[in-house]
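A.B. asks: For reference, this is entry.cif, and it has mmCIF, C-alpha atoms.
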data_model
#
loop_
_atom_site.label_atom_id
_atom_site.label_comp_id
_atom_site.auth_asym_id
_atom_site.auth_seq_id
_atom_site.Cartn_x
_atom_site.Cartn_y
_atom_site.Cartn_z
CA MET A 1 27.22 -3.85 -4.69
CA SER A 2 26.71 -2.39 -1.20
CA GLU A 3 27.12 0.95 0.53
CA THR A 4 27.68 -0.67 3.96
CA PRO A 5 31.10 0.37 5.34
CA MET A 6 32.43 -3.12 6.14
CA SER A 7 35.65 -4.84 5.29
CA PRO A 8 35.45 -6.82 2.03
CA ASP A 9 37.45 -9.54 3.80
CA ALA A 10 34.75 -10.15 6.41
CA ALA A 11 34.25 -13.87 6.99
CA PRO A 12 30.78 -15.39 7.58
CA ALA A 13 31.38 -15.32 11.32
CA ASP A 14 32.10 -11.61 11.09
CA LEU A 15 28.88 -11.02 9.20
CA GLN A 16 26.92 -12.99 11.78
CA ARG A 17 28.46 -10.95 14.60
CA GLU A 18 27.69 -7.75 12.69
CA ALA A 19 24.05 -8.86 12.32
CA LEU A 20 23.78 -9.43 16.06
CA ARG A 21 25.30 -6.00 16.75
CA LEU A 22 22.87 -4.30 14.37
CA ASP A 23 19.94 -6.14 15.94
CA ALA A 24 21.06 -5.03 19.41
CA ASP A 25 21.06 -1.39 18.22
CA ASP A 26 17.72 -1.69 16.36
CA LYS A 27 15.21 0.85 17.75
CA LEU A 28 12.33 -1.03 16.10
CA ALA A 29 13.33 -4.49 17.37
CA ASP A 30 10.48 -4.64 19.89
CA ARG A 31 7.89 -4.43 17.07
CA ARG A 32 8.85 -7.90 15.89
CA ASP A 33 7.02 -9.42 18.87
CA ALA A 34 3.77 -7.86 17.60
CA PHE A 35 3.74 -10.30 14.65
CA VAL A 36 3.14 -14.01 14.21
CA LEU A 37 6.41 -15.30 12.77
CA ASP A 38 7.97 -18.74 12.41
CA ASP A 39 9.44 -20.19 15.59
CA SER A 40 12.33 -21.75 13.69
CA PRO A 41 15.36 -19.47 13.19
CA GLU A 42 15.93 -21.36 9.95
CA THR A 43 12.90 -19.64 8.37
CA VAL A 44 13.28 -16.11 7.07
CA TYR A 45 10.29 -14.25 5.58
CA LEU A 46 11.33 -11.73 2.93
CA ASP A 47 8.08 -11.50 0.99
CA GLY A 48 6.32 -8.75 2.92
CA ASN A 49 6.25 -6.76 -0.32
CA SER A 50 3.66 -9.33 -1.48
CA LEU A 51 1.89 -10.22 1.78
CA GLY A 52 2.73 -8.86 5.19
CA ALA A 53 2.94 -11.05 8.28
CA LEU A 54 -0.01 -11.42 10.66
CA PRO A 55 -0.11 -8.92 13.53
CA ARG A 56 -0.94 -10.68 16.79
CA ALA A 57 -3.83 -8.31 17.58
CA VAL A 58 -5.87 -9.41 14.56
CA PRO A 59 -7.21 -12.89 15.53
CA ASP A 60 -8.79 -11.73 18.81
CA ARG A 61 -10.26 -8.64 17.16
CA LEU A 62 -11.79 -10.71 14.37
CA ALA A 63 -13.14 -13.24 16.85
CA HIS A 64 -14.88 -10.40 18.72
CA VAL A 65 -16.29 -8.95 15.51
CA VAL A 66 -17.66 -12.31 14.41
CA ALA A 67 -19.01 -13.49 17.76
CA HIS A 68 -20.23 -10.21 19.24
CA GLU A 69 -20.62 -7.45 16.65
CA TRP A 70 -22.03 -9.76 13.99
CA GLY A 71 -23.17 -12.71 16.11
CA SER A 72 -24.94 -10.82 18.91
CA MET A 73 -25.48 -7.23 17.77
CA ARG A 74 -26.07 -7.94 14.11
CA ILE A 75 -27.57 -4.93 12.25
CA ARG A 76 -27.09 -2.66 15.30
CA SER A 77 -23.34 -2.79 14.73
CA TRP A 78 -23.60 -0.45 11.77
CA THR A 79 -24.30 2.34 14.23
CA GLU A 80 -23.37 1.02 17.69
CA SER A 81 -20.06 -0.63 16.68
CA GLY A 82 -19.00 2.09 14.25
CA TRP A 83 -19.23 0.00 11.10
CA TRP A 84 -20.64 2.81 9.00
CA GLU A 85 -17.78 5.21 9.76
CA ALA A 86 -15.06 2.55 9.42
CA PRO A 87 -13.82 3.52 5.91
CA GLU A 88 -13.03 7.08 7.00
CA ARG A 89 -11.91 6.16 10.52
CA ILE A 90 -9.41 3.60 9.23
CA GLY A 91 -8.40 5.99 6.47
CA ASP A 92 -7.39 8.45 9.14
CA ARG A 93 -5.22 5.72 10.72
CA ILE A 94 -3.41 5.29 7.39
CA ALA A 95 -3.17 9.01 6.62
CA PRO A 96 -0.07 9.82 8.73
CA LEU A 97 1.74 6.85 7.21
CA VAL A 98 1.40 8.45 3.77
CA GLY A 99 1.86 12.07 4.83
CA ALA A 100 -1.78 13.12 4.69
CA ALA A 101 -3.85 15.21 7.07
CA PRO A 102 -7.10 13.67 8.36
CA GLY A 103 -10.16 13.58 6.14
CA GLN A 104 -8.39 12.73 2.88
CA VAL A 105 -8.02 8.93 2.93
CA VAL A 106 -10.89 6.47 2.63
CA VAL A 107 -10.56 2.68 2.84
CA GLY A 108 -12.49 0.27 0.67
CA ASP A 109 -12.58 -1.67 -2.59
CA SER A 110 -9.43 -3.04 -4.23
CA THR A 111 -6.42 -1.14 -5.51
CA SER A 112 -7.61 -1.84 -9.04
CA VAL A 113 -11.05 -0.31 -8.43
CA ASN A 114 -9.48 2.72 -6.77
CA VAL A 115 -7.05 3.21 -9.67
CA PHE A 116 -10.02 3.27 -12.03
CA LYS A 117 -11.93 5.74 -9.88
CA ALA A 118 -8.92 8.03 -9.55
CA VAL A 119 -7.94 8.06 -13.23
CA VAL A 120 -11.46 8.67 -14.52
CA GLY A 121 -12.13 11.23 -11.81
CA ALA A 122 -8.93 13.11 -12.67
CA VAL A 123 -9.66 13.08 -16.40
CA ARG A 124 -13.17 14.42 -15.83
CA MET A 125 -11.78 17.25 -13.72
CA ALA A 126 -9.16 18.12 -16.34
CA GLY A 127 -11.64 19.14 -19.04
CA GLU A 128 -12.44 18.06 -22.59
CA GLU A 129 -9.53 19.88 -24.23
CA ARG A 130 -7.02 17.56 -22.55
CA ASP A 131 -7.11 14.38 -24.58
CA GLU A 132 -4.31 12.14 -23.27
CA VAL A 133 -3.43 10.11 -20.20
CA LEU A 134 0.18 9.30 -19.37
CA VAL A 135 0.82 5.98 -17.69
CA ASP A 136 3.98 4.50 -16.24
CA ALA A 137 5.30 2.21 -18.98
CA THR A 138 6.96 -0.01 -16.35
CA THR A 139 3.87 -0.24 -14.17
CA PHE A 140 2.29 -3.29 -12.60
CA PRO A 141 0.16 -4.68 -15.47
CA THR A 142 -3.22 -4.04 -13.83
CA ASP A 143 -2.55 -0.31 -13.61
CA GLY A 144 -1.87 -0.30 -17.34
CA TYR A 145 -5.02 -2.28 -18.10
CA LEU A 146 -7.15 0.06 -16.01
CA ALA A 147 -5.57 3.21 -17.40
CA ALA A 148 -6.33 1.94 -20.91
CA SER A 149 -9.92 1.20 -19.95
CA ALA A 150 -10.31 4.61 -18.33
CA ALA A 151 -8.89 6.27 -21.45
CA ARG A 152 -11.38 4.41 -23.66
CA LEU A 153 -14.26 5.29 -21.37
CA THR A 154 -13.40 8.98 -21.40
CA GLY A 155 -12.35 9.21 -25.06
CA ARG A 156 -8.70 9.93 -24.33
CA ALA A 157 -5.52 8.51 -25.79
CA LEU A 158 -3.22 6.50 -23.57
CA ARG A 159 0.51 7.21 -23.78
CA PRO A 160 2.91 4.92 -21.87
CA VAL A 161 6.18 6.58 -20.86
CA THR A 162 8.79 5.69 -18.26
CA PRO A 163 8.78 7.64 -14.98
CA ALA A 164 12.09 9.26 -15.96
CA GLU A 165 10.47 10.54 -19.18
CA MET A 166 7.32 11.85 -17.53
CA PRO A 167 8.47 15.39 -16.62
CA ALA A 168 9.40 16.07 -20.25
CA ALA A 169 6.44 14.18 -21.70
CA VAL A 170 3.61 15.91 -19.82
CA GLY A 171 2.13 18.82 -21.73
CA PRO A 172 -0.97 20.93 -22.49
CA ARG A 173 -2.86 17.91 -23.83
CA THR A 174 -2.26 15.80 -20.71
CA ALA A 175 -5.23 15.28 -18.43
CA ALA A 176 -3.73 12.88 -15.90
CA VAL A 177 -0.50 11.08 -15.06
CA LEU A 178 -0.50 7.66 -13.35
CA VAL A 179 2.83 6.62 -11.86
CA ASN A 180 4.12 4.04 -9.39
CA HIS A 181 6.08 5.44 -6.48
CA VAL A 182 8.22 2.27 -6.37
CA ASP A 183 8.76 -0.14 -9.26
CA TYR A 184 7.38 -3.56 -8.32
CA ARG A 185 10.05 -5.48 -10.29
CA THR A 186 13.22 -3.60 -9.47
CA GLY A 187 12.39 -1.75 -6.26
CA GLU A 188 13.42 1.56 -7.84
CA LEU A 189 12.04 4.62 -6.03
CA HIS A 190 10.80 7.20 -8.50
CA ASP A 191 10.90 10.98 -8.12
CA LEU A 192 7.27 11.50 -7.10
CA ALA A 193 7.80 15.12 -6.08
CA GLY A 194 9.45 16.01 -9.41
CA ILE A 195 6.85 14.21 -11.53
CA THR A 196 4.03 15.84 -9.56
CA ALA A 197 5.55 19.29 -10.01
CA ALA A 198 5.93 18.72 -13.76
CA ALA A 199 2.33 17.52 -14.06
CA HIS A 200 1.05 20.56 -12.21
CA ALA A 201 3.19 22.93 -14.28
CA ALA A 202 1.44 21.52 -17.35
CA GLY A 203 -2.00 21.73 -15.74
CA ALA A 204 -2.44 17.96 -15.34
CA TYR A 205 -3.40 15.85 -12.33
CA LEU A 206 -1.11 13.30 -10.70
CA ILE A 207 -2.24 9.88 -9.46
CA ALA A 208 0.31 7.89 -7.43
CA ASP A 209 0.27 4.15 -6.86
CA LEU A 210 1.74 3.60 -3.40
CA CYS A 211 1.45 -0.19 -3.20
CA HIS A 212 5.19 -0.66 -2.71
CA SER A 213 5.87 2.41 -0.58
CA ALA A 214 3.03 2.86 1.93
CA GLY A 215 4.35 1.57 5.24
CA ALA A 216 7.92 1.26 3.98
CA LEU A 217 9.06 4.85 3.53
CA PRO A 218 7.85 8.45 3.90
CA VAL A 219 5.46 9.45 1.11
CA GLU A 220 4.41 13.03 2.02
CA LEU A 221 1.32 13.26 -0.17
CA ASP A 222 0.19 16.63 1.19
CA ALA A 223 3.64 18.22 1.09
CA ARG A 224 4.34 17.03 -2.45
CA GLY A 225 0.99 18.22 -3.78
CA VAL A 226 -0.14 14.81 -5.06
CA ASP A 227 -3.73 15.00 -6.30
CA PHE A 228 -4.86 11.40 -5.93
CA ALA A 229 -3.21 8.25 -4.60
CA VAL A 230 -4.10 4.61 -4.21
CA GLY A 231 -2.49 1.77 -2.35
CA CYS A 232 -3.01 -1.74 -1.06
CA THR A 233 -2.89 -2.58 2.64
CA TYR A 234 -1.79 -6.22 2.56
CA LYS A 235 1.91 -5.56 1.90
CA TYR A 236 3.86 -3.31 4.27
CA LEU A 237 0.67 -2.35 6.16
CA ASN A 238 0.10 -6.04 7.04
CA GLY A 239 -3.68 -5.94 6.66
CA GLY A 240 -4.06 -9.54 5.47
CA PRO A 241 -4.84 -11.26 2.17
CA GLY A 242 -7.42 -9.29 0.21
CA SER A 243 -7.56 -6.49 2.77
CA PRO A 244 -9.24 -3.36 1.38
CA ALA A 245 -7.20 -0.73 -0.42
CA PHE A 246 -7.16 2.99 0.27
CA LEU A 247 -7.85 6.05 -1.85
CA TYR A 248 -6.39 9.49 -1.18
CA LEU A 249 -8.47 12.42 -2.40
CA ARG A 250 -6.69 15.72 -1.88
CA ARG A 251 -8.99 17.97 0.11
CA GLU A 252 -9.18 20.71 -2.52
CA HIS A 253 -10.44 18.18 -5.12
CA GLN A 254 -13.08 16.43 -3.04
CA ALA A 255 -16.02 18.65 -3.96
CA ALA A 256 -15.29 18.34 -7.69
CA PHE A 257 -14.44 14.62 -7.74
CA ASP A 258 -16.77 12.85 -10.17
CA SER A 259 -16.47 9.13 -9.53
CA PRO A 260 -17.21 6.71 -12.38
CA LEU A 261 -18.66 4.34 -9.77
CA PRO A 262 -21.33 6.29 -7.90
CA GLY A 263 -22.86 4.22 -5.14
CA TRP A 264 -25.20 4.85 -2.29
CA HIS A 265 -22.35 4.95 0.25
CA SER A 266 -20.88 7.98 -1.53
CA HIS A 267 -24.24 9.77 -1.75
CA ARG A 268 -24.56 13.03 0.16
CA ASP A 269 -27.64 11.58 1.88
CA PRO A 270 -27.22 7.80 1.61
CA PHE A 271 -30.37 6.99 3.56
CA GLY A 272 -32.50 9.40 1.58
CA MET A 273 -32.76 6.67 -1.08
CA THR A 274 -33.39 9.23 -3.81
CA ALA A 275 -33.34 8.33 -7.49
CA ASP A 276 -30.92 11.16 -8.32
CA TYR A 277 -27.29 10.86 -7.30
CA ALA A 278 -25.80 13.71 -5.29
CA PRO A 279 -22.18 12.96 -4.37
CA ALA A 280 -20.73 13.69 -0.97
CA ARG A 281 -18.46 16.72 -0.99
CA ASP A 282 -15.80 15.22 1.23
CA VAL A 283 -13.64 12.09 1.23
CA ARG A 284 -16.78 9.95 1.30
CA ALA A 285 -16.99 10.66 -2.44
CA GLY A 286 -14.43 7.88 -2.80
CA ARG A 287 -16.77 5.22 -1.41
CA VAL A 288 -19.04 3.03 -3.55
CA GLY A 289 -21.09 0.36 -1.81
CA THR A 290 -21.13 -1.81 1.28
CA PRO A 291 -17.54 -2.64 2.26
CA ASP A 292 -16.11 -5.97 3.35
CA LEU A 293 -16.33 -5.32 7.08
CA LEU A 294 -14.47 -8.41 8.27
CA SER A 295 -11.37 -7.57 6.24
CA MET A 296 -11.71 -3.88 7.03
CA LEU A 297 -11.86 -4.40 10.78
CA ALA A 298 -8.97 -6.89 10.61
CA LEU A 299 -6.98 -4.12 8.90
CA GLU A 300 -7.91 -1.68 11.65
CA ALA A 301 -6.51 -4.06 14.27
CA ALA A 302 -3.40 -4.66 12.15
CA LEU A 303 -2.67 -0.94 12.02
CA GLU A 304 -2.20 -0.89 15.81
CA VAL A 305 1.40 -2.04 15.26
CA TRP A 306 2.08 1.46 13.93
CA ASP A 307 1.15 3.22 17.15
CA GLY A 308 4.12 5.32 18.20
CA VAL A 309 6.22 4.39 15.16
CA ASP A 310 8.09 7.10 13.26
CA VAL A 311 8.04 6.46 9.50
CA GLY A 312 11.45 8.09 9.30
CA ALA A 313 12.85 5.41 11.60
CA VAL A 314 11.23 2.76 9.41
CA ARG A 315 12.95 4.23 6.36
CA ALA A 316 16.32 4.36 8.11
CA LYS A 317 16.09 0.69 9.07
CA SER A 318 14.88 -0.27 5.60
CA LEU A 319 17.97 1.25 4.03
CA ALA A 320 20.22 -0.37 6.65
CA LEU A 321 18.62 -3.77 6.02
CA THR A 322 18.96 -3.54 2.25
CA ASP A 323 22.53 -2.23 2.48
CA PHE A 324 23.48 -5.11 4.77
CA PHE A 325 21.78 -7.65 2.52
CA LEU A 326 23.62 -6.37 -0.55
CA HIS A 327 26.93 -6.56 1.30
CA CYS A 328 26.23 -10.10 2.49
CA VAL A 329 25.18 -11.17 -1.02
CA GLU A 330 28.44 -9.77 -2.34
CA ARG A 331 30.39 -11.78 0.23
CA TYR A 332 28.46 -15.05 -0.07
CA THR A 333 27.76 -15.43 -3.81
CA PRO A 334 30.19 -16.13 -6.67
CA PRO A 335 31.22 -13.02 -8.63
CA GLY A 336 29.01 -12.43 -11.65
CA ARG A 337 26.42 -15.04 -10.66
CA LEU A 338 23.85 -12.40 -9.65
CA GLN A 339 23.33 -8.83 -10.79
CA CYS A 340 21.60 -6.22 -8.61
CA VAL A 341 18.89 -4.42 -10.57
CA THR A 342 17.79 -2.29 -7.60
CA PRO A 343 19.46 1.14 -7.48
CA LEU A 344 22.26 1.43 -4.92
CA ASP A 345 21.53 5.13 -4.39
CA HIS A 346 19.37 5.50 -1.28
CA HIS A 347 17.29 8.21 -2.95
CA ARG A 348 16.30 5.75 -5.66
CA ARG A 349 15.69 2.61 -3.61
CA GLY A 350 12.46 1.34 -2.09
CA SER A 351 12.33 -1.42 0.54
CA GLN A 352 13.17 -4.40 -1.65
CA VAL A 353 16.20 -5.80 -3.42
CA SER A 354 15.85 -7.41 -6.83
CA LEU A 355 18.64 -9.54 -8.23
CA TYR A 356 18.90 -10.72 -11.82
CA CYS A 357 19.45 -14.46 -11.90
CA GLU A 358 19.08 -16.37 -15.16
CA ASP A 359 17.55 -19.37 -13.38
CA ALA A 360 15.55 -17.31 -10.90
CA GLU A 361 12.51 -19.60 -10.76
CA PRO A 362 14.29 -22.80 -9.66
CA VAL A 363 16.63 -20.82 -7.43
CA MET A 364 13.70 -19.27 -5.55
CA ALA A 365 11.99 -22.65 -5.29
CA GLU A 366 15.12 -24.06 -3.67
CA LEU A 367 15.42 -21.06 -1.33
CA ILE A 368 11.85 -21.53 -0.18
CA SER A 369 12.46 -25.24 0.42
CA ARG A 370 15.31 -24.16 2.74
CA GLY A 371 13.15 -21.67 4.61
CA ILE A 372 14.13 -18.44 2.81
CA VAL A 373 10.85 -17.06 1.51
CA GLY A 374 11.06 -14.46 -1.24
CA ASP A 375 9.59 -14.53 -4.73
CA HIS A 376 10.54 -14.09 -8.38
CA ARG A 377 9.28 -12.22 -11.41
CA ARG A 378 9.83 -13.30 -14.98
CA PRO A 379 12.19 -13.05 -16.64
CA GLY A 380 14.98 -13.83 -14.20
CA VAL A 381 14.36 -11.58 -11.19
CA LEU A 382 14.66 -12.68 -7.57
CA ARG A 383 12.76 -10.32 -5.26
CA PHE A 384 13.40 -9.89 -1.55
CA GLY A 385 11.17 -7.57 0.46
CA PHE A 386 12.29 -6.05 3.77
CA THR A 387 9.62 -5.08 6.29
CA PRO A 388 11.41 -3.06 8.97
CA LEU A 389 8.82 -3.71 11.68
CA TYR A 390 9.68 -7.41 11.81
CA THR A 391 12.71 -8.17 9.62
CA SER A 392 15.94 -8.54 11.59
CA PHE A 393 19.55 -8.21 10.49
CA THR A 394 20.05 -11.81 11.55
CA ASP A 395 17.30 -12.73 9.07
CA VAL A 396 19.14 -10.81 6.38
CA GLU A 397 22.49 -12.49 6.98
CA ARG A 398 20.98 -15.96 6.95
CA ALA A 399 19.02 -15.28 3.75
CA ALA A 400 22.14 -14.10 1.93
CA ARG A 401 24.17 -17.06 3.23
CA VAL A 402 21.61 -19.62 2.04
CA LEU A 403 21.33 -17.80 -1.29
CA GLY A 404 25.09 -18.22 -1.64
CA GLU A 405 24.79 -21.94 -0.99
CA VAL A 406 22.05 -22.30 -3.60
CA VAL A 407 23.74 -20.36 -6.40
CA GLY A 408 27.35 -21.30 -5.55
#
Turn this file's structure into structure tokens for me.
C.D. replies:
Amino acid sequence: MSETPMSPDAAPADLQREALRLDADDKLADRRDAFVLDDSPETVYLDGNSLGALPRAVPDRLAHVVAHEWGSMRIRSWTESGWWEAPERIGDRIAPLVGAAPGQVVVGDSTSVNVFKAVVGAVRMAGEERDEVLVDATTFPTDGYLAASAARLTGRALRPVTPAEMPAAVGPRTAAVLVNHVDYRTGELHDLAGITAAAHAAGAYLIADLCHSAGALPVELDARGVDFAVGCTYKYLNGGPGSPAFLYLRREHQAAFDSPLPGWHSHRDPFGMTADYAPARDVRAGRVGTPDLLSMLALEAALEVWDGVDVGAVRAKSLALTDFFLHCVERYTPPGRLQCVTPLDHHRRGSQVSLYCEDAEPVMAELISRGIVGDHRRPGVLRFGFTPLYTSFTDVERAARVLGEVVG
């Protein structure tokens, strides 16, 4: 099940010693102290692919925002505290984490709203002769719902196809392609570069959902030619529950982007208060209305944990963590009891491991009761997310050992 070069005869004590050795060599180990984690070594948090842990910088920053910027300065904070520019400023903090140059990422709204904006905007740019939208058939349900709604709104047909089928499926009728970079159920990493190239060869636009890759692995939006991208910030970016999402608008498309949700914040002259809408010709075109400033500024503080971090190092540790977990699971669980549904090939694996387990729901409930926090997806999938900034190899070994006790 694993690619880790360890002896198949390794006893639990050997695995524990190996975990300690790997932790001692971990170049990102110091980042763990930047997060609020459980004091008990018995608790292991492997659900950062659903909600990231709290960075320690956030509570004090929020307290200052509430007491001073809102409490004392009030309306002046829009200009004097930089509230108005926050969506673009924080977007530029996220940009290097997704391989984008400054001025192409804006923060605000939810992932769902940004998916809708991106799909409709792409279809409108594609022209009337292109009458279909391709959507990832394995996508998170909301993306499918929104793609269907966008297709109805624009008079296009929706065609679900798997990511593997997309390069062959895209054609002269295709306006836009919406694909997940990483599958939320299985953790499979899709060929974003290849799908983007195929879309462009057919004259279509590519929209990438980065919810399960931003902050976990290199994305390289600019280098791969991706047209539009969306992503949440509460998973691997640790922005907090309900933290605002981000929208990537490739620079060459910004002037032509026709948002289906025009709001005064995306107006070229927002304080002109004119009856006619004139969209901004830069990344501000992705804005709509007044953002949730408390969540947005909490996200800004959370992103400080990334200062000085190389995304390549994050990816290397992610693969090492998942390799080690798979090896430990193989050692600790009865043969045939679990089946790995996450690809073993590094080029096809995100930062989670999904295991098929017929009784996944009660198994996960028991794991959580013993301090091993993951989650499950129906039918029969145990999901474990690995956040390299705070997950240790000791965490991984303990999680696999307790899993073995539960399913043994």
A.B. asks: Applying 10 Å and only C-alpha atoms, which residues near Val135 in chain A remain after dropping the ones on its own chain fewer than 3 positions away? List them as a list in words.
C.D. replies: Glu132, Thr138, Thr139, Asp143, Gly144, Ala147, Ala148, Leu158, Arg159, Pro160, Val161, Thr162, Pro163, Met166, Ala176, Val177, Leu178, Val179, Asn180 and Ile207 of chain A
A.B. asks: Could you turn the residues from that selection into a file that holds C-alpha atoms, as a PDB file, in the frame of the given file?
C.D. replies:
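Contents of the output file result_32.pdb:
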ATOM      1  CA  GLU A 132      -4.310  12.140 -23.270  1.00  0.00           C
ATOM      2  CA  THR A 138       6.960  -0.010 -16.350  1.00  0.00           C
ATOM      3  CA  THR A 139       3.870  -0.240 -14.170  1.00  0.00           C
ATOM      4  CA  ASP A 143      -2.550  -0.310 -13.610  1.00  0.00           C
ATOM      5  CA  GLY A 144      -1.870  -0.300 -17.340  1.00  0.00           C
ATOM      6  CA  ALA A 147      -5.570   3.210 -17.400  1.00  0.00           C
ATOM      7  CA  ALA A 148      -6.330   1.940 -20.910  1.00  0.00           C
ATOM      8  CA  LEU A 158      -3.220   6.500 -23.570  1.00  0.00           C
ATOM      9  CA  ARG A 159       0.510   7.210 -23.780  1.00  0.00           C
ATOM     10  CA  PRO A 160       2.910   4.920 -21.870  1.00  0.00           C
ATOM     11  CA  VAL A 161       6.180   6.580 -20.860  1.00  0.00           C
ATOM     12  CA  THR A 162       8.790   5.690 -18.260  1.00  0.00           C
ATOM     13  CA  PRO A 163       8.780   7.640 -14.980  1.00  0.00           C
ATOM     14  CA  MET A 166       7.320  11.850 -17.530  1.00  0.00           C
ATOM     15  CA  ALA A 176      -3.730  12.880 -15.900  1.00  0.00           C
ATOM     16  CA  VAL A 177      -0.500  11.080 -15.060  1.00  0.00           C
ATOM     17  CA  LEU A 178      -0.500   7.660 -13.350  1.00  0.00           C
ATOM     18  CA  VAL A 179       2.830   6.620 -11.860  1.00  0.00           C
ATOM     19  CA  ASN A 180       4.120   4.040  -9.390  1.00  0.00           C
ATOM     20  CA  ILE A 207      -2.240   9.880  -9.460  1.00  0.00           C
TER      21      ILE A 207
END
A.B. asks: Between A:Arg156, A:His327, A:Arg315, A:His253, which has the minimum distance to Pro218 in chain A (counting only C-alpha atoms)?
C.D. replies: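 For Pro218 in chain A, the nearest of the given residues is A:Arg315.
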A.B. asks: Which of these residues is nearest to Tyr45 in chain A, using all atoms listed in the file: A:Ala199, A:Leu382, A:Leu97, A:Ile372?
C.D. replies: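 Of all the options, A:Ile372 lies closest to Tyr45 in chain A.
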A.B. asks: Let me know the residues the PyMOL selection byres ((chain A and resi 62-64) around 12) catches in the file above, as number ranges by chain.
C.D. replies: A: 55-61, 65-73, 81, 240, 293-302
A.B. asks: In Å, how far is it from CA of Arg348 in chain A to CA of Asp209 in chain A?
C.D. replies: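 Separation of CA of Arg348 in chain A and CA of Asp209 in chain A: 16.2 Å.
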A.B. asks: At the level of N, CA and C atoms, write range 117-132 of chain A to a file as a PDB file, in the first residue's frame, please.
C.D. replies:
ATOM      1  N   LYS A 117     -19.665  32.937 -10.452  1.00  0.00           N
ATOM      2  CA  LYS A 117     -19.123  34.081 -11.180  1.00  0.00           C
ATOM      3  C   LYS A 117     -18.168  33.625 -12.277  1.00  0.00           C
ATOM      4  N   ALA A 118     -17.283  32.683 -11.938  1.00  0.00           N
ATOM      5  CA  ALA A 118     -16.268  32.249 -12.893  1.00  0.00           C
ATOM      6  C   ALA A 118     -16.867  31.509 -14.078  1.00  0.00           C
ATOM      7  N   VAL A 119     -17.825  30.604 -13.821  1.00  0.00           N
ATOM      8  CA  VAL A 119     -18.404  29.831 -14.922  1.00  0.00           C
ATOM      9  C   VAL A 119     -19.194  30.742 -15.857  1.00  0.00           C
ATOM     10  N   VAL A 120     -20.051  31.579 -15.300  1.00  0.00           N
ATOM     11  CA  VAL A 120     -20.840  32.477 -16.155  1.00  0.00           C
ATOM     12  C   VAL A 120     -19.921  33.443 -16.888  1.00  0.00           C
ATOM     13  N   GLY A 121     -18.939  33.999 -16.183  1.00  0.00           N
ATOM     14  CA  GLY A 121     -18.017  34.915 -16.835  1.00  0.00           C
ATOM     15  C   GLY A 121     -17.266  34.260 -17.979  1.00  0.00           C
ATOM     16  N   ALA A 122     -16.831  33.014 -17.788  1.00  0.00           N
ATOM     17  CA  ALA A 122     -16.118  32.300 -18.846  1.00  0.00           C
ATOM     18  C   ALA A 122     -17.015  32.033 -20.042  1.00  0.00           C
ATOM     19  N   VAL A 123     -18.246  31.604 -19.771  1.00  0.00           N
ATOM     20  CA  VAL A 123     -19.190  31.317 -20.868  1.00  0.00           C
ATOM     21  C   VAL A 123     -19.468  32.580 -21.672  1.00  0.00           C
ATOM     22  N   ARG A 124     -19.657  33.696 -20.991  1.00  0.00           N
ATOM     23  CA  ARG A 124     -19.932  34.944 -21.704  1.00  0.00           C
ATOM     24  C   ARG A 124     -18.759  35.364 -22.569  1.00  0.00           C
ATOM     25  N   MET A 125     -17.549  35.089 -22.124  1.00  0.00           N
ATOM     26  CA  MET A 125     -16.369  35.427 -22.916  1.00  0.00           C
ATOM     27  C   MET A 125     -16.215  34.506 -24.118  1.00  0.00           C
ATOM     28  N   ALA A 126     -16.723  33.287 -24.007  1.00  0.00           N
ATOM     29  CA  ALA A 126     -16.507  32.285 -25.058  1.00  0.00           C
ATOM     30  C   ALA A 126     -17.300  32.568 -26.328  1.00  0.00           C
ATOM     31  N   GLY A 127     -18.434  33.233 -26.219  1.00  0.00           N
ATOM     32  CA  GLY A 127     -19.230  33.533 -27.403  1.00  0.00           C
ATOM     33  C   GLY A 127     -20.425  32.617 -27.557  1.00  0.00           C
ATOM     34  N   GLU A 128     -21.420  33.101 -28.303  1.00  0.00           N
ATOM     35  CA  GLU A 128     -22.696  32.399 -28.433  1.00  0.00           C
ATOM     36  C   GLU A 128     -22.593  31.070 -29.162  1.00  0.00           C
ATOM     37  N   GLU A 129     -21.612  30.922 -30.051  1.00  0.00           N
ATOM     38  CA  GLU A 129     -21.531  29.690 -30.837  1.00  0.00           C
ATOM     39  C   GLU A 129     -21.095  28.486 -29.999  1.00  0.00           C
ATOM     40  N   ARG A 130     -20.578  28.714 -28.827  1.00  0.00           N
ATOM     41  CA  ARG A 130     -20.147  27.620 -27.954  1.00  0.00           C
ATOM     42  C   ARG A 130     -21.258  27.348 -26.952  1.00  0.00           C
ATOM     43  N   ASP A 131     -21.886  26.182 -27.093  1.00  0.00           N
ATOM     44  CA  ASP A 131     -23.156  25.959 -26.394  1.00  0.00           C
ATOM     45  C   ASP A 131     -23.113  24.863 -25.330  1.00  0.00           C
ATOM     46  N   GLU A 132     -21.912  24.506 -24.838  1.00  0.00           N
ATOM     47  CA  GLU A 132     -21.851  23.502 -23.780  1.00  0.00           C
ATOM     48  C   GLU A 132     -20.814  23.868 -22.720  1.00  0.00           C
TER      49      GLU A 132
END
